[in-house]
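Data from upload.cif: mmCIF, C-alpha atoms
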data_target
#
loop_
_atom_site.label_atom_id
_atom_site.label_comp_id
_atom_site.auth_asym_id
_atom_site.auth_seq_id
_atom_site.Cartn_x
_atom_site.Cartn_y
_atom_site.Cartn_z
CA MET D 256 168.74 -63.15 -100.04
CA MET D 257 167.12 -62.72 -103.48
CA ARG D 258 169.99 -60.47 -104.53
CA THR D 259 172.43 -63.17 -103.45
CA VAL D 260 170.68 -65.75 -105.63
CA ILE D 261 170.49 -63.45 -108.67
CA PHE D 262 174.07 -62.33 -108.22
CA ALA D 263 175.33 -65.87 -107.78
CA LYS D 264 173.50 -67.09 -110.89
CA VAL D 265 174.91 -64.23 -112.99
CA SER D 266 178.41 -64.95 -111.69
CA LEU D 267 178.14 -68.66 -112.42
CA ALA D 268 176.73 -68.00 -115.88
CA ALA D 269 179.70 -65.75 -116.66
CA VAL D 270 182.16 -68.38 -115.53
CA ALA D 271 180.28 -71.06 -117.46
CA LEU D 272 180.56 -69.09 -120.68
CA VAL D 273 184.28 -68.53 -120.18
CA VAL D 274 185.09 -72.12 -119.26
CA LEU D 275 182.74 -74.01 -121.55
CA GLY D 276 183.61 -71.83 -124.50
CA SER D 277 187.07 -73.34 -124.47
CA CYS D 278 185.99 -76.98 -124.25
CA SER D 279 185.28 -79.53 -126.95
CA ASP D 280 182.95 -82.53 -126.94
CA SER D 281 185.69 -84.94 -127.91
CA VAL D 282 186.54 -85.80 -124.31
CA THR D 283 186.02 -89.51 -123.61
CA GLY D 284 183.11 -90.05 -121.28
CA ALA D 285 181.74 -86.55 -121.85
CA THR D 286 178.13 -87.74 -121.91
CA SER D 287 178.47 -89.54 -118.61
CA PHE D 288 180.28 -86.59 -117.08
CA GLN D 289 177.65 -84.22 -118.48
CA SER D 290 174.91 -86.34 -116.97
CA ARG D 291 176.55 -86.32 -113.54
CA TYR D 292 177.17 -82.61 -113.86
CA GLY D 293 173.50 -82.13 -114.70
CA VAL D 294 172.55 -83.91 -111.48
CA ALA D 295 174.84 -81.65 -109.45
CA ARG D 296 173.69 -78.46 -111.14
CA THR D 297 170.00 -79.37 -110.89
CA ALA D 298 170.40 -80.17 -107.20
CA LEU D 299 172.09 -76.81 -106.63
CA GLU D 300 169.44 -74.90 -108.58
CA SER D 301 166.57 -76.67 -106.80
CA GLY D 302 167.98 -76.12 -103.31
CA ASN D 303 168.94 -79.74 -102.61
CA TYR D 304 172.33 -78.72 -101.25
CA ASP D 305 173.26 -82.02 -99.63
CA LYS D 306 172.78 -83.80 -102.94
CA ALA D 307 174.62 -81.05 -104.79
CA ARG D 308 177.51 -81.23 -102.33
CA ARG D 309 177.82 -85.00 -102.81
CA ALA D 310 177.57 -84.73 -106.60
CA TYR D 311 180.16 -81.97 -106.88
CA THR D 312 182.49 -83.84 -104.55
CA ARG D 313 182.30 -86.91 -106.81
CA LEU D 314 182.84 -84.82 -109.94
CA LEU D 315 185.87 -83.13 -108.42
CA GLN D 316 187.38 -86.52 -107.57
CA GLU D 317 187.30 -87.39 -111.28
CA GLU D 318 189.44 -86.01 -114.03
CA ALA D 319 187.47 -82.84 -114.72
CA GLY D 320 190.34 -81.24 -116.63
CA PRO D 321 189.68 -77.64 -117.59
CA LEU D 322 186.29 -77.76 -115.87
CA THR D 323 187.84 -78.22 -112.42
CA PRO D 324 187.82 -74.50 -111.50
CA ARG D 325 184.21 -74.16 -112.55
CA LEU D 326 183.19 -77.19 -110.50
CA GLN D 327 185.11 -75.82 -107.53
CA LEU D 328 183.30 -72.50 -107.88
CA GLU D 329 179.92 -74.21 -108.08
CA TYR D 330 180.83 -76.30 -105.05
CA ALA D 331 181.71 -73.08 -103.19
CA HIS D 332 178.37 -71.68 -104.34
CA THR D 333 176.65 -74.77 -102.95
CA GLU D 334 178.26 -74.12 -99.58
CA LEU D 335 177.24 -70.46 -99.78
CA ARG D 336 173.62 -71.23 -100.52
CA SER D 337 173.46 -73.88 -97.82
CA GLY D 338 174.65 -71.36 -95.22
CA ASN D 339 178.18 -72.72 -94.78
CA PHE D 340 179.67 -69.25 -95.24
CA GLN D 341 183.11 -69.96 -93.80
CA GLN D 342 183.57 -73.01 -96.05
CA ALA D 343 182.27 -71.11 -99.08
CA ALA D 344 184.65 -68.22 -98.45
CA SER D 345 187.57 -70.59 -97.99
CA LEU D 346 186.84 -72.54 -101.18
CA ALA D 347 186.37 -69.36 -103.20
CA ALA D 348 189.59 -67.87 -101.76
CA GLY D 349 191.50 -70.83 -103.17
CA LEU D 350 190.13 -70.03 -106.61
CA VAL D 351 190.86 -66.33 -106.21
CA ALA D 352 194.49 -67.25 -105.61
CA SER D 353 194.72 -69.59 -108.60
CA GLN D 354 192.53 -68.03 -111.29
CA LYS D 355 192.77 -64.98 -113.55
CA ASP D 356 190.43 -62.58 -115.26
CA GLU D 357 186.68 -63.33 -115.20
CA ALA D 358 187.14 -66.65 -113.41
CA ARG D 359 188.97 -64.87 -110.60
CA ALA D 360 186.30 -62.16 -110.50
CA ALA D 361 183.53 -64.76 -110.24
CA ALA D 362 185.39 -66.42 -107.36
CA LEU D 363 185.83 -63.03 -105.68
CA SER D 364 182.08 -62.51 -106.00
CA VAL D 365 181.30 -65.77 -104.23
CA GLN D 366 183.99 -65.10 -101.63
CA GLY D 367 182.68 -61.58 -100.99
CA THR D 368 179.10 -62.77 -100.66
CA ALA D 369 180.13 -65.50 -98.22
CA GLN D 370 182.22 -63.06 -96.20
CA HIS D 371 179.34 -60.58 -96.10
CA GLU D 372 176.91 -63.20 -94.82
CA LEU D 373 179.48 -64.53 -92.35
CA GLY D 374 180.15 -61.00 -91.13
CA LEU D 375 176.45 -60.39 -90.53
CA ARG D 376 176.18 -63.67 -88.65
CA LEU D 377 179.18 -62.83 -86.47
CA LEU D 378 177.79 -59.38 -85.71
CA SER D 379 174.46 -60.90 -84.68
CA GLU D 380 176.39 -63.15 -82.28
CA GLY D 381 178.05 -60.11 -80.72
CA LYS D 382 181.44 -60.81 -82.31
CA THR D 383 181.99 -57.26 -83.51
CA ALA D 384 185.70 -57.38 -84.36
CA GLU D 385 185.41 -60.63 -86.32
CA GLY D 386 182.23 -59.50 -88.08
CA LYS D 387 183.75 -56.16 -89.02
CA ALA D 388 186.83 -57.90 -90.45
CA GLN D 389 184.63 -60.12 -92.63
CA LEU D 390 182.62 -57.11 -93.85
CA GLN D 391 185.81 -55.24 -94.71
CA ALA D 392 187.12 -58.24 -96.65
CA ALA D 393 183.80 -58.59 -98.48
CA SER D 394 183.81 -54.91 -99.40
CA ALA D 395 187.35 -55.21 -100.77
CA ALA D 396 186.37 -58.25 -102.85
CA PHE D 397 183.34 -56.49 -104.33
CA SER D 398 185.35 -53.30 -104.96
CA GLU D 399 187.88 -55.23 -107.00
CA VAL D 400 185.23 -56.99 -109.07
CA LEU D 401 183.25 -53.80 -109.67
CA LYS D 402 186.38 -51.89 -110.66
CA GLN D 403 187.73 -54.46 -113.10
CA TYR D 404 184.66 -56.45 -114.22
CA SER D 405 181.56 -54.32 -113.80
CA SER D 406 179.92 -56.42 -116.52
CA LEU D 407 179.55 -59.20 -113.93
CA ASP D 408 177.06 -56.97 -112.09
CA PRO D 409 174.49 -56.12 -114.79
CA LEU D 410 171.63 -55.73 -112.30
CA GLY D 411 173.62 -53.78 -109.72
CA SER D 412 173.16 -56.34 -106.97
CA MET D 413 176.86 -56.49 -106.17
CA ALA D 414 177.11 -52.71 -106.02
CA GLY D 415 174.05 -52.67 -103.77
CA ARG D 416 175.54 -55.29 -101.50
CA ARG D 417 178.79 -53.33 -101.28
CA ALA D 418 176.86 -50.13 -100.43
CA SER D 419 175.00 -52.02 -97.71
CA ILE D 420 178.29 -53.28 -96.29
CA GLU D 421 179.82 -49.81 -96.31
CA ALA D 422 176.77 -48.38 -94.53
CA ARG D 423 176.99 -51.09 -91.89
CA LEU D 424 180.72 -50.57 -91.41
CA LYS D 425 180.09 -46.89 -90.65
CA THR D 426 177.97 -47.93 -87.67
CA LEU D 427 180.65 -50.18 -86.16
#
Translate this structure into C-alpha coordinates?
Amino acid sequence: MMRTVIFAKVSLAAVALVVLGSCSDSVTGATSFQSRYGVARTALESGNYDKARRAYTRLLQEEAGPLTPRLQLEYAHTELRSGNFQQAASLAAGLVASQKDEARAAALSVQGTAQHELGLRLLSEGKTAEGKAQLQAASAAFSEVLKQYSSLDPLGSMAGRRASIEARLKTL
(Lines of atoms letter the chains of each structure in order from A and count residues from 1; the text may use other names and numbers.)
(Lines give C-alpha, C1' and ligand atoms only; values in the text may rest on other atoms or scores of the structure.)
Protein backbone atom coordinates (compact mmCIF):
# COMPACT_ATOMS: atom_id res chain seq x y z
CA MET A 1 0.00 0.00 0.00
CA MET A 2 2.93 2.34 0.74
CA ARG A 3 4.17 1.88 -2.82
CA THR A 4 0.73 2.83 -4.09
CA VAL A 5 0.79 6.06 -2.09
CA ILE A 6 4.33 6.99 -3.17
CA PHE A 7 3.61 6.09 -6.77
CA ALA A 8 0.36 8.01 -6.81
CA LYS A 9 1.98 11.12 -5.32
CA VAL A 10 4.80 11.03 -7.89
CA SER A 11 2.27 10.62 -10.70
CA LEU A 12 0.13 13.50 -9.47
CA ALA A 13 3.18 15.72 -9.01
CA ALA A 14 4.23 15.05 -12.60
CA VAL A 15 0.78 15.92 -13.90
CA ALA A 16 0.67 19.02 -11.71
CA LEU A 17 3.92 20.31 -13.17
CA VAL A 18 2.72 19.73 -16.71
CA VAL A 19 -0.71 21.30 -16.23
CA LEU A 20 0.13 24.16 -13.89
CA GLY A 21 3.15 25.14 -15.91
CA SER A 22 0.83 26.21 -18.70
CA CYS A 23 -1.55 28.26 -16.55
CA SER A 24 -1.51 31.93 -15.62
CA ASP A 25 -2.86 33.69 -12.55
CA SER A 26 -4.98 36.08 -14.57
CA VAL A 27 -8.06 33.85 -14.43
CA THR A 28 -10.96 35.60 -12.71
CA GLY A 29 -11.72 34.00 -9.38
CA ALA A 30 -8.38 32.19 -9.26
CA THR A 31 -7.94 32.82 -5.54
CA SER A 32 -11.33 31.39 -4.69
CA PHE A 33 -10.75 28.43 -6.98
CA GLN A 34 -7.28 27.93 -5.50
CA SER A 35 -8.75 27.96 -2.02
CA ARG A 36 -11.37 25.35 -2.91
CA TYR A 37 -8.72 23.30 -4.66
CA GLY A 38 -6.58 23.50 -1.53
CA VAL A 39 -9.45 22.06 0.50
CA ALA A 40 -9.84 19.17 -1.94
CA ARG A 41 -6.13 18.44 -2.13
CA THR A 42 -5.64 18.64 1.64
CA ALA A 43 -8.57 16.29 2.20
CA LEU A 44 -7.07 13.82 -0.28
CA GLU A 45 -3.60 14.02 1.26
CA SER A 46 -4.94 13.63 4.81
CA GLY A 47 -7.12 10.63 3.98
CA ASN A 48 -10.48 12.38 4.30
CA TYR A 49 -11.75 10.84 1.07
CA ASP A 50 -15.43 11.67 1.50
CA LYS A 51 -14.56 15.35 1.86
CA ALA A 52 -12.12 15.15 -1.04
CA ARG A 53 -14.74 13.47 -3.22
CA ARG A 54 -17.28 16.22 -2.47
CA ALA A 55 -14.73 18.99 -3.03
CA TYR A 56 -13.47 17.59 -6.34
CA THR A 57 -17.04 17.05 -7.52
CA ARG A 58 -17.83 20.72 -6.85
CA LEU A 59 -14.64 21.88 -8.56
CA LEU A 60 -15.40 19.76 -11.62
CA GLN A 61 -18.87 21.29 -11.85
CA GLU A 62 -17.26 24.72 -12.21
CA GLU A 63 -15.37 26.10 -15.15
CA ALA A 64 -11.98 24.57 -14.39
CA GLY A 65 -10.69 25.17 -17.90
CA PRO A 66 -7.29 23.64 -18.55
CA LEU A 67 -7.22 22.23 -15.02
CA THR A 68 -10.16 19.90 -15.68
CA PRO A 69 -8.03 16.86 -16.61
CA ARG A 70 -5.88 17.31 -13.53
CA LEU A 71 -8.93 17.56 -11.28
CA GLN A 72 -10.40 14.47 -12.93
CA LEU A 73 -7.16 12.59 -12.29
CA GLU A 74 -7.08 13.66 -8.66
CA TYR A 75 -10.72 12.66 -8.32
CA ALA A 76 -9.82 9.22 -9.75
CA HIS A 77 -6.96 9.10 -7.26
CA THR A 78 -9.41 9.87 -4.46
CA GLU A 79 -11.52 6.91 -5.54
CA LEU A 80 -8.41 4.73 -5.72
CA ARG A 81 -7.24 5.64 -2.23
CA SER A 82 -10.71 5.18 -0.79
CA GLY A 83 -10.87 1.64 -2.17
CA ASN A 84 -13.35 2.29 -4.98
CA PHE A 85 -11.10 0.55 -7.49
CA GLN A 86 -13.68 0.02 -10.23
CA GLN A 87 -14.69 3.70 -10.17
CA ALA A 88 -11.06 4.82 -10.09
CA ALA A 89 -10.19 2.62 -13.07
CA SER A 90 -13.20 3.88 -15.00
CA LEU A 91 -12.44 7.55 -14.34
CA ALA A 92 -8.77 7.11 -15.23
CA ALA A 93 -9.69 5.20 -18.41
CA GLY A 94 -11.65 8.23 -19.58
CA LEU A 95 -8.54 10.35 -19.18
CA VAL A 96 -6.36 7.76 -20.90
CA ALA A 97 -8.66 8.02 -23.90
CA SER A 98 -8.64 11.82 -23.98
CA GLN A 99 -5.14 12.85 -22.90
CA LYS A 100 -1.67 12.71 -24.47
CA ASP A 101 1.90 12.44 -23.33
CA GLU A 102 2.64 12.70 -19.58
CA ALA A 103 -0.98 13.40 -18.68
CA ARG A 104 -2.02 10.18 -20.39
CA ALA A 105 0.81 8.29 -18.69
CA ALA A 106 -0.25 9.59 -15.28
CA ALA A 107 -3.82 8.47 -15.97
CA LEU A 108 -2.54 5.06 -17.08
CA SER A 109 -0.66 4.82 -13.80
CA VAL A 110 -3.79 5.44 -11.76
CA GLN A 111 -5.80 3.12 -13.99
CA GLY A 112 -3.19 0.36 -13.69
CA THR A 113 -2.99 0.69 -9.92
CA ALA A 114 -6.77 0.54 -9.61
CA GLN A 115 -6.96 -2.47 -11.92
CA HIS A 116 -4.23 -4.22 -9.94
CA GLU A 117 -6.02 -3.69 -6.64
CA LEU A 118 -9.36 -4.66 -8.19
CA GLY A 119 -7.78 -7.79 -9.64
CA LEU A 120 -6.41 -8.81 -6.25
CA ARG A 121 -9.80 -8.22 -4.66
CA LEU A 122 -11.55 -10.32 -7.31
CA LEU A 123 -9.03 -13.13 -6.90
CA SER A 124 -9.57 -13.12 -3.13
CA GLU A 125 -13.31 -13.51 -3.81
CA GLY A 126 -12.63 -16.56 -5.98
CA LYS A 127 -13.38 -14.73 -9.24
CA THR A 128 -10.29 -15.99 -11.04
CA ALA A 129 -11.17 -15.09 -14.64
CA GLU A 130 -12.24 -11.54 -13.76
CA GLY A 131 -9.26 -11.02 -11.47
CA LYS A 132 -6.82 -12.31 -14.06
CA ALA A 133 -8.30 -9.97 -16.69
CA GLN A 134 -7.82 -6.98 -14.38
CA LEU A 135 -4.22 -8.00 -13.62
CA GLN A 136 -3.48 -8.36 -17.33
CA ALA A 137 -4.94 -4.91 -18.03
CA ALA A 138 -2.93 -3.42 -15.16
CA SER A 139 0.26 -5.00 -16.45
CA ALA A 140 -0.37 -3.59 -19.92
CA ALA A 141 -0.97 -0.11 -18.49
CA PHE A 142 2.24 -0.19 -16.46
CA SER A 143 4.21 -1.61 -19.41
CA GLU A 144 3.15 1.30 -21.59
CA VAL A 145 4.05 3.90 -18.97
CA LEU A 146 7.40 2.29 -18.18
CA LYS A 147 8.28 2.00 -21.87
CA GLN A 148 7.40 5.56 -22.82
CA TYR A 149 7.72 7.54 -19.56
CA SER A 150 10.10 5.75 -17.23
CA SER A 151 10.79 9.12 -15.57
CA LEU A 152 7.36 8.82 -13.91
CA ASP A 153 8.74 5.88 -11.90
CA PRO A 154 11.87 7.34 -10.27
CA LEU A 155 11.66 5.04 -7.24
CA GLY A 156 10.83 1.90 -9.19
CA SER A 157 7.50 1.33 -7.48
CA MET A 158 5.61 0.96 -10.75
CA ALA A 159 8.16 -1.51 -12.08
CA GLY A 160 7.92 -3.41 -8.81
CA ARG A 161 4.15 -3.49 -8.99
CA ARG A 162 4.30 -4.74 -12.57
CA ALA A 163 6.76 -7.49 -11.57
CA SER A 164 4.43 -8.50 -8.75
CA ILE A 165 1.52 -8.68 -11.18
CA GLU A 166 3.50 -10.77 -13.66
CA ALA A 167 4.53 -13.18 -10.90
CA ARG A 168 0.92 -13.53 -9.80
CA LEU A 169 -0.29 -14.07 -13.35
CA LYS A 170 2.12 -17.00 -13.72
CA THR A 171 0.33 -18.75 -10.87
CA LEU A 172 -3.13 -18.41 -12.42
Q: Using the chain letters and numbers from the file, give me the residues hit by the PyMOL selection byres ((chain D and resi 375) around 12), as JSON, numbers by chain.
A: {"D": [340, 368, 369, 370, 371, 372, 373, 374, 376, 377, 378, 379, 380, 381, 382, 383, 384, 385, 386, 387, 388, 389, 390, 391, 393, 419, 420, 423, 424, 427]}
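Here CA of Arg291 in chain D and CA of Arg313 in chain D stand 8.9 Å from one another.
Distances to Glu334 in chain D were evaluated for D:Leu350, D:Leu407, D:Val365, D:Ala422 using only C-alpha atoms, and the minimum falls at D:Val365.
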Matched chain/residue IDs from the PyMOL selection byres ((chain D and resi 329) around 12), as a PDB file with C-alpha atoms, in the frame of the given file:
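Output saved as out-v6.pdb:
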ATOM      1  CA  ALA D 263     175.330 -65.870-107.780  1.00  0.00           C
ATOM      2  CA  LYS D 264     173.500 -67.090-110.890  1.00  0.00           C
ATOM      3  CA  SER D 266     178.410 -64.950-111.690  1.00  0.00           C
ATOM      4  CA  LEU D 267     178.140 -68.660-112.420  1.00  0.00           C
ATOM      5  CA  ALA D 268     176.730 -68.000-115.880  1.00  0.00           C
ATOM      6  CA  VAL D 270     182.160 -68.380-115.530  1.00  0.00           C
ATOM      7  CA  ALA D 271     180.280 -71.060-117.460  1.00  0.00           C
ATOM      8  CA  TYR D 292     177.170 -82.610-113.860  1.00  0.00           C
ATOM      9  CA  ALA D 295     174.840 -81.650-109.450  1.00  0.00           C
ATOM     10  CA  ARG D 296     173.690 -78.460-111.140  1.00  0.00           C
ATOM     11  CA  THR D 297     170.000 -79.370-110.890  1.00  0.00           C
ATOM     12  CA  ALA D 298     170.400 -80.170-107.200  1.00  0.00           C
ATOM     13  CA  LEU D 299     172.090 -76.810-106.630  1.00  0.00           C
ATOM     14  CA  GLU D 300     169.440 -74.900-108.580  1.00  0.00           C
ATOM     15  CA  TYR D 304     172.330 -78.720-101.250  1.00  0.00           C
ATOM     16  CA  ALA D 307     174.620 -81.050-104.790  1.00  0.00           C
ATOM     17  CA  ARG D 308     177.510 -81.230-102.330  1.00  0.00           C
ATOM     18  CA  ALA D 310     177.570 -84.730-106.600  1.00  0.00           C
ATOM     19  CA  TYR D 311     180.160 -81.970-106.880  1.00  0.00           C
ATOM     20  CA  THR D 312     182.490 -83.840-104.550  1.00  0.00           C
ATOM     21  CA  LEU D 314     182.840 -84.820-109.940  1.00  0.00           C
ATOM     22  CA  LEU D 315     185.870 -83.130-108.420  1.00  0.00           C
ATOM     23  CA  LEU D 322     186.290 -77.760-115.870  1.00  0.00           C
ATOM     24  CA  THR D 323     187.840 -78.220-112.420  1.00  0.00           C
ATOM     25  CA  PRO D 324     187.820 -74.500-111.500  1.00  0.00           C
ATOM     26  CA  ARG D 325     184.210 -74.160-112.550  1.00  0.00           C
ATOM     27  CA  LEU D 326     183.190 -77.190-110.500  1.00  0.00           C
ATOM     28  CA  GLN D 327     185.110 -75.820-107.530  1.00  0.00           C
ATOM     29  CA  LEU D 328     183.300 -72.500-107.880  1.00  0.00           C
ATOM     30  CA  TYR D 330     180.830 -76.300-105.050  1.00  0.00           C
ATOM     31  CA  ALA D 331     181.710 -73.080-103.190  1.00  0.00           C
ATOM     32  CA  HIS D 332     178.370 -71.680-104.340  1.00  0.00           C
ATOM     33  CA  THR D 333     176.650 -74.770-102.950  1.00  0.00           C
ATOM     34  CA  GLU D 334     178.260 -74.120 -99.580  1.00  0.00           C
ATOM     35  CA  LEU D 335     177.240 -70.460 -99.780  1.00  0.00           C
ATOM     36  CA  ARG D 336     173.620 -71.230-100.520  1.00  0.00           C
ATOM     37  CA  ALA D 343     182.270 -71.110 -99.080  1.00  0.00           C
ATOM     38  CA  LEU D 346     186.840 -72.540-101.180  1.00  0.00           C
ATOM     39  CA  ALA D 347     186.370 -69.360-103.200  1.00  0.00           C
ATOM     40  CA  LEU D 350     190.130 -70.030-106.610  1.00  0.00           C
ATOM     41  CA  ALA D 358     187.140 -66.650-113.410  1.00  0.00           C
ATOM     42  CA  ALA D 361     183.530 -64.760-110.240  1.00  0.00           C
ATOM     43  CA  ALA D 362     185.390 -66.420-107.360  1.00  0.00           C
ATOM     44  CA  VAL D 365     181.300 -65.770-104.230  1.00  0.00           C
ATOM     45  CA  GLN D 366     183.990 -65.100-101.630  1.00  0.00           C
TER      46      GLN D 366
END
(Q) To one decimal place in Å, what is the distance between CA of Leu410 in chain D and CA of Lys355 in chain D? (A) 23.1 Å
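For the choices D:Met413, D:Val400, D:Ala392, D:Val294, the atom-to-atom distance to Glu357 in chain D is smallest for D:Val400 when using all atoms listed in the file.
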Write out as JSON an axis-aligned box for range 302-316 of chain D: all of its atoms listed in the file, 4 Å added on each side, centre and edge lengths in Å with one decimal.
{"center_x": 177.7, "center_y": -81.5, "center_z": -104.8, "size_x": 27.4, "size_y": 18.8, "size_z": 18.3}
Q: Please provide as an NGL selection string all residues within 8 Å of Arg417 in chain D, with the sequence filter that same-chain residues fewer than 6 positions apart are discarded (counting only C-alpha atoms).
A: :D and (393-394 or 397-398)
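Take the candidates D:Gln354, D:Ser405, D:Ser287, D:Thr426 and check each one against Glu317 in chain D using all atoms listed in the file; the shortest distance goes to D:Ser287.
For the residues D:Ala348, D:Ser364, D:Ser412, D:Ala319, ranking by smallest atom-to-atom distance to Gln289 in chain D using all atoms listed in the file places D:Ala319 first.
Rounded to one decimal, CA of Asp356 in chain D and CA of Ala396 in chain D lie 13.8 Å from each other.
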